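> One structure follows; several queries about it will come next.
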Amino acid sequence: MPFIRNLWYVAAWSNELGEVPIGRTILGEPIVLFRTADGTAAAMEDRCPHRHAPLSLGRVEGDFLRCMYHGMRFAADGSCDKAPGTTTTPAGCRTRSFPIAEKSSWIWVWMGDAALADPERIPTGFGLDSPEWALREGVLDYAANYELINDNLCDLSHLDFVHEKTLGYATGAKWMPVQPRVTSVEDGLTVERWFCDHLLSPMAPDRVDSWNMYEYLLPGVFLMTTHAFPVGTAAACNFERSTAMPVYRRVEQQAVTPIDERQTRYFYASGVDARIASPEFLDGLMVVINAAFAEDRAMIEAQQRIWDRTPADLQKVFMPHDKAPALFRRLVARRLAAEALDSRSTREEDDAAC
Amino acid sequence: MPFIRNLWYVAAWSNELGEVPIGRTILGEPIVLFRTADGTAAAMEDRCPHRHAPLSLGRVEGDFLRCMYHGMRFAADGSCDKAPGTTTTPAGCRTRSFPIAEKSSWIWVWMGDAALADPERIPTGFGLDSPEWALREGVLDYAANYELINDNLCDLSHLDFVHEKTLGYATGAKWMPVQPRVTSVEDGLTVERWFCDHLLSPMAPDRVDSWNMYEYLLPGVFLMTTHAFPVGTAAACNFERSTAMPVYRRVEQQAVTPIDERQTRYFYASGVDARIASPEFLDGLMVVINAAFAEDRAMIEAQQRIWDRTPADLQKVFMPHDKAPALFRRLVARRLAAEALDSRSTREEDDAAC
Amino acid sequence: MPFIRNLWYVAAWSNELGEVPIGRTILGEPIVLFRTADGTAAAMEDRCPHRHAPLSLGRVEGDFLRCMYHGMRFAADGSCDKAPGTTTTPAGCRTRSFPIAEKSSWIWVWMGDAALADPERIPTGFGLDSPEWALREGVLDYAANYELINDNLCDLSHLDFVHEKTLGYATGAKWMPVQPRVTSVEDGLTVERWFCDHLLSPMAPDRVDSWNMYEYLLPGVFLMTTHAFPVGTAAACNFERSTAMPVYRRVEQQAVTPIDERQTRYFYASGVDARIASPEFLDGLMVVINAAFAEDRAMIEAQQRIWDRTPADLQKVFMPHDKAPALFRRLVARRLAAEALDSRSTREEDDAAC
């Protein structure tokens, strides 16, 4: 099993789902998302139990989703409400529903054992509708395995090279020389660093110390905050987190969701303090962000093609900045192993019960 | 072997084949079609025995087809007529020819044991040149297995949903509420039903009873007739076939030919009584027909993609309208099993003879 | 192993490689080409040992190539020069470099054991910068296995059919009736023939005898010379090579390089005596050449698709003109077998040494 199942995955931006159902493939499984009459999001297998046609080509009718091949109709819990051509609902006529939640402007779907789904464990992002932040969002599909994108996001030293002329330039900082502090937390990592005495941006003459911190949480949720302070702040707080009021703040909210083993969907939003954001500023920000993510995609898809032509046992050289990607890969591997063990135990119990 | 071989398959509309040979893949086999000097259609393996180049890139020369790679020339029976660069025809230099026939405006090719090919067993359609009917034809390729298209054509209750705004609307009838009478015949099924007291068409105020009957014959030949009568006719003839003169008649002639396991070619024609057909009427008819078949294709190709991501042993729910598709799938499976058995017996006889 | 490794392969035209590195896949292996400060070409695995990203997306810095993912920098010998984020170069941080040479306007890369690479064994072509010849060059990619292209180039009798209206017409000769003299040489074949008393070209009324000779050398290097003489020359020299001064001369320089088992890159140049060449003449020549190679590609890619649907053990008919392709296929097979044997012996020696 190449995917961790007992996790909340970002399936869509909340604003992607309106009155029309949408079909998504997540962890190789076809999923349909739709909203019931009161706007509540629902997720089911995108597979009508009748002829295995896609429900995502269906029609929302109040609280129900109707398959538009032969008209079977389903409630959000997957139960069949109407089966045209018969007066009784056939036995076994239901589709699997998935635990679902909306939080921080994302629709999250739990892909594993429904009994374990706990909405409290969904990470908290910034959201597109926060009064504090002004964000703009986007979506990008990668022809690459999700772990290559995790690697990329866990090690931002690539900004100096991949994004030399976009993010590397725009942030005014050099990322490679500074080793961040990487800390394992439940379900992920935190990565923190100070950049001292650098230009706030190519357009601003001010020099600042800036503190950059992000969480990278399973399955691939990236939540970053950057705070800029007067020069000297970093040293004054002994390179710990400062409690002073920053002069400038930025945030990033991103998520990596496997479509299948070779395709990945990337949800991203970038923003600044709502008090200083203008539409023109956000337009300009997204020009840089979209250019930068096109650079990442070009590199990572090319890297995937190289991996495809590389023996699996060929060693890679470990560099200090690989600490975070390596920790995160180990975390993924541990979870995969634990789920494999669980599913083996379950099968053995089932066998013993027979 | 995923295909029944001992059957006549529709390879082309007769009017598709002129002076230029055409290459077709049928049941995964490359086939070339061409016409000899007197216009007789011929079918051979699309594979020159010399370097296995495609004869379909060749040139017709009278009764012969010349490979345009190195000039080998073949008669319609597959024998080599000229082998440039040598004065003798090399031993074993022949390509396989296939039994072929033209009937009802289709070119039919027998893909199995030539000794069993009986042109008398080719189904009789309406034809594009019938004095009785005026038909228009088309061709559509599906990225889907042929059995999904068989299912679709054996169960027309999908008209109310897939074609709600095209055929479902245009026929003025509701298909789902009426269970047709399904009868097994040699090589297929007949499917019959009456629609009572419905609008003849959205444009016509007349109400009619209409009788709809089609044959669905191996490998996937769909021949449908619809007769409309004054309201009351159905009850008067006790819902059997009426011998009265219909006020309106329509026909459909379609065939499903596997290209390979994942691609299928669909030949279709639709028409009406020649006495009432005008070019404008047929133009309008084909707008609806082409729109409807695009709807089928969108649904079936999406269904194929869902099947691709579905475990083969996942059950499907059986509904009353599935009777005809289920019977036809069983017929296909029986024929496949019989041919597998035959080919095993033949191999054993061959072994015993050694 | 489907490819002979111990050979010089054409990787690019010399003029394709400037200041920007280029990535090529050769024999299924990703290769990066770049030029050091003095213009010397270098070839390495297109795979950074750090994260296996492509060096071909990197940047040339003097004598070094820098990976633009995380900034590792490599010399042309594959050694790591700089590893950002650390003061020491990590152990094992090197990429494989390949022996490389430039000759006859091509960049050649040795894909096998570097100890066996001998630049003296690189075939000598005409070159784009020869004072004697004026050539124009091109590149074409095939979706086909390289052996189908070898077959095509070893047997030019196809000119009468594939190129009936291009090269066959332009050369004014009939290729099929003349059996060439085929001679095995080290690493390949020579193929020679006289065409007697034919039009020099469709535009020229002069009749000539012309002598056509080419070498076809491993891995797929085609070097052809055509000399035209007054009618009678062939007989006068007893159909051997004439030492007389030709009235007209043409040359072709081509190479076939496998990208992988199903894709092949074809490098070609065509030219005439520099003293008579004008830009307009060469423009016209390339129109014919490019049209002809498009004809080859259409045929060979279609042939590949037929082979894909053909059982591997289906016999092919042998024709007299197949002598050269058959000899060349045998040579390829012998070399493949020898390399397989060598690599087995090496493994056994390694085992014995343990």
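By convention here, the chains of the structure tokens are called A, B, ... in the order presented, each chain's residues are numbered starting at 1, and ligands are numbered starting at 1 in the order presented.
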Compute the chain A side of the contact with chain C at 6 Å, counting only C-alpha atoms, and hand it back as a PyMOL selection string.
chain A and resi 158+161-162+176-177+303+316-317
> Enumerate the residues of segment 63-160 of chain C with a DSSP assignment of strand (DSSP E), computed from the backbone, and present them as a ChimeraX atom specification.
/C:64-66,73-75,80-82,97-98,100-103,106-110,133-142
> Using only C-alpha atoms, which residue out of A:Ile26, A:Ile4, A:Ala324, A:Val251 lies closest to Ala337 of chain A?
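Selected residue with least distance to Ala337 of chain A: A:Ile4.
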> Would you list the contacts of segment 142-154 of chain C as a count of residues only, taking every protein, DNA or RNA residue within 8 Å and counting only C-alpha atoms, but skipping same-chain residues closer than 6 positions in sequence?
22
> For Val20 of chain B, find every residue with an atom within 8 Å (counting only C-alpha atoms), except residues of its own chain fewer than 2 positions away, and show them as JSON, numbers by chain.
{"B": [17, 18, 22, 34, 59, 60]}
> Just want the 8 Å neighbourhood of Met224 of chain B, counted on only C-alpha atoms, with same-chain residues fewer than 3 positions away dropped. Output as a ChimeraX atom specification.
/B:212-215,251-253
> I'd like the contact shell of Arg136 of chain C - 8 Å cut-off, only C-alpha atoms, skipping same-chain residues fewer than 4 positions apart - returned as a PDB file with N, CA, C and O atoms, in the first residue's frame.

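What ended up in result.pdb:
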```
ATOM      1  N   LEU C 128      30.358  19.215 -41.266  1.00  0.00           N
ATOM      2  CA  LEU C 128      29.612  20.364 -41.790  1.00  0.00           C
ATOM      3  C   LEU C 128      30.544  21.502 -42.178  1.00  0.00           C
ATOM      4  O   LEU C 128      30.138  22.457 -42.826  1.00  0.00           O
ATOM      5  N   ALA C 269      22.721  14.500 -42.537  1.00  0.00           N
ATOM      6  CA  ALA C 269      23.192  15.645 -43.325  1.00  0.00           C
ATOM      7  C   ALA C 269      23.357  15.179 -44.755  1.00  0.00           C
ATOM      8  O   ALA C 269      23.682  14.023 -45.023  1.00  0.00           O
ATOM      9  N   SER C 270      23.141  16.091 -45.660  1.00  0.00           N
ATOM     10  CA  SER C 270      23.171  15.775 -47.075  1.00  0.00           C
ATOM     11  C   SER C 270      23.936  16.895 -47.765  1.00  0.00           C
ATOM     12  O   SER C 270      23.798  18.058 -47.372  1.00  0.00           O
ATOM     13  N   GLY C 271      24.752  16.544 -48.735  1.00  0.00           N
ATOM     14  CA  GLY C 271      25.511  17.628 -49.352  1.00  0.00           C
ATOM     15  C   GLY C 271      26.130  17.275 -50.687  1.00  0.00           C
ATOM     16  O   GLY C 271      26.045  16.125 -51.151  1.00  0.00           O
ATOM     17  N   LEU C 282      21.178  24.021 -52.007  1.00  0.00           N
ATOM     18  CA  LEU C 282      21.092  23.241 -50.762  1.00  0.00           C
ATOM     19  C   LEU C 282      19.692  23.341 -50.160  1.00  0.00           C
ATOM     20  O   LEU C 282      19.167  22.363 -49.627  1.00  0.00           O
ATOM     21  N   MET C 286      17.372  20.068 -49.424  1.00  0.00           N
ATOM     22  CA  MET C 286      16.814  19.709 -48.120  1.00  0.00           C
ATOM     23  C   MET C 286      15.292  19.556 -48.170  1.00  0.00           C
ATOM     24  O   MET C 286      14.717  18.820 -47.365  1.00  0.00           O
TER      25      MET C 286
END
```
> When you look at segment 168-170 of chain B with a cut-off of 10 Å (counting only C-alpha atoms), what residues show up, excluding the ones that are within fewer than 2 positions of it in the same chain? I need them as JSON, numbers by chain.
{"B": [156, 157, 158, 159, 160, 161, 162, 163, 164, 165, 166, 172, 173, 174, 175, 199, 200, 201, 202, 203, 285, 288, 289, 292]}
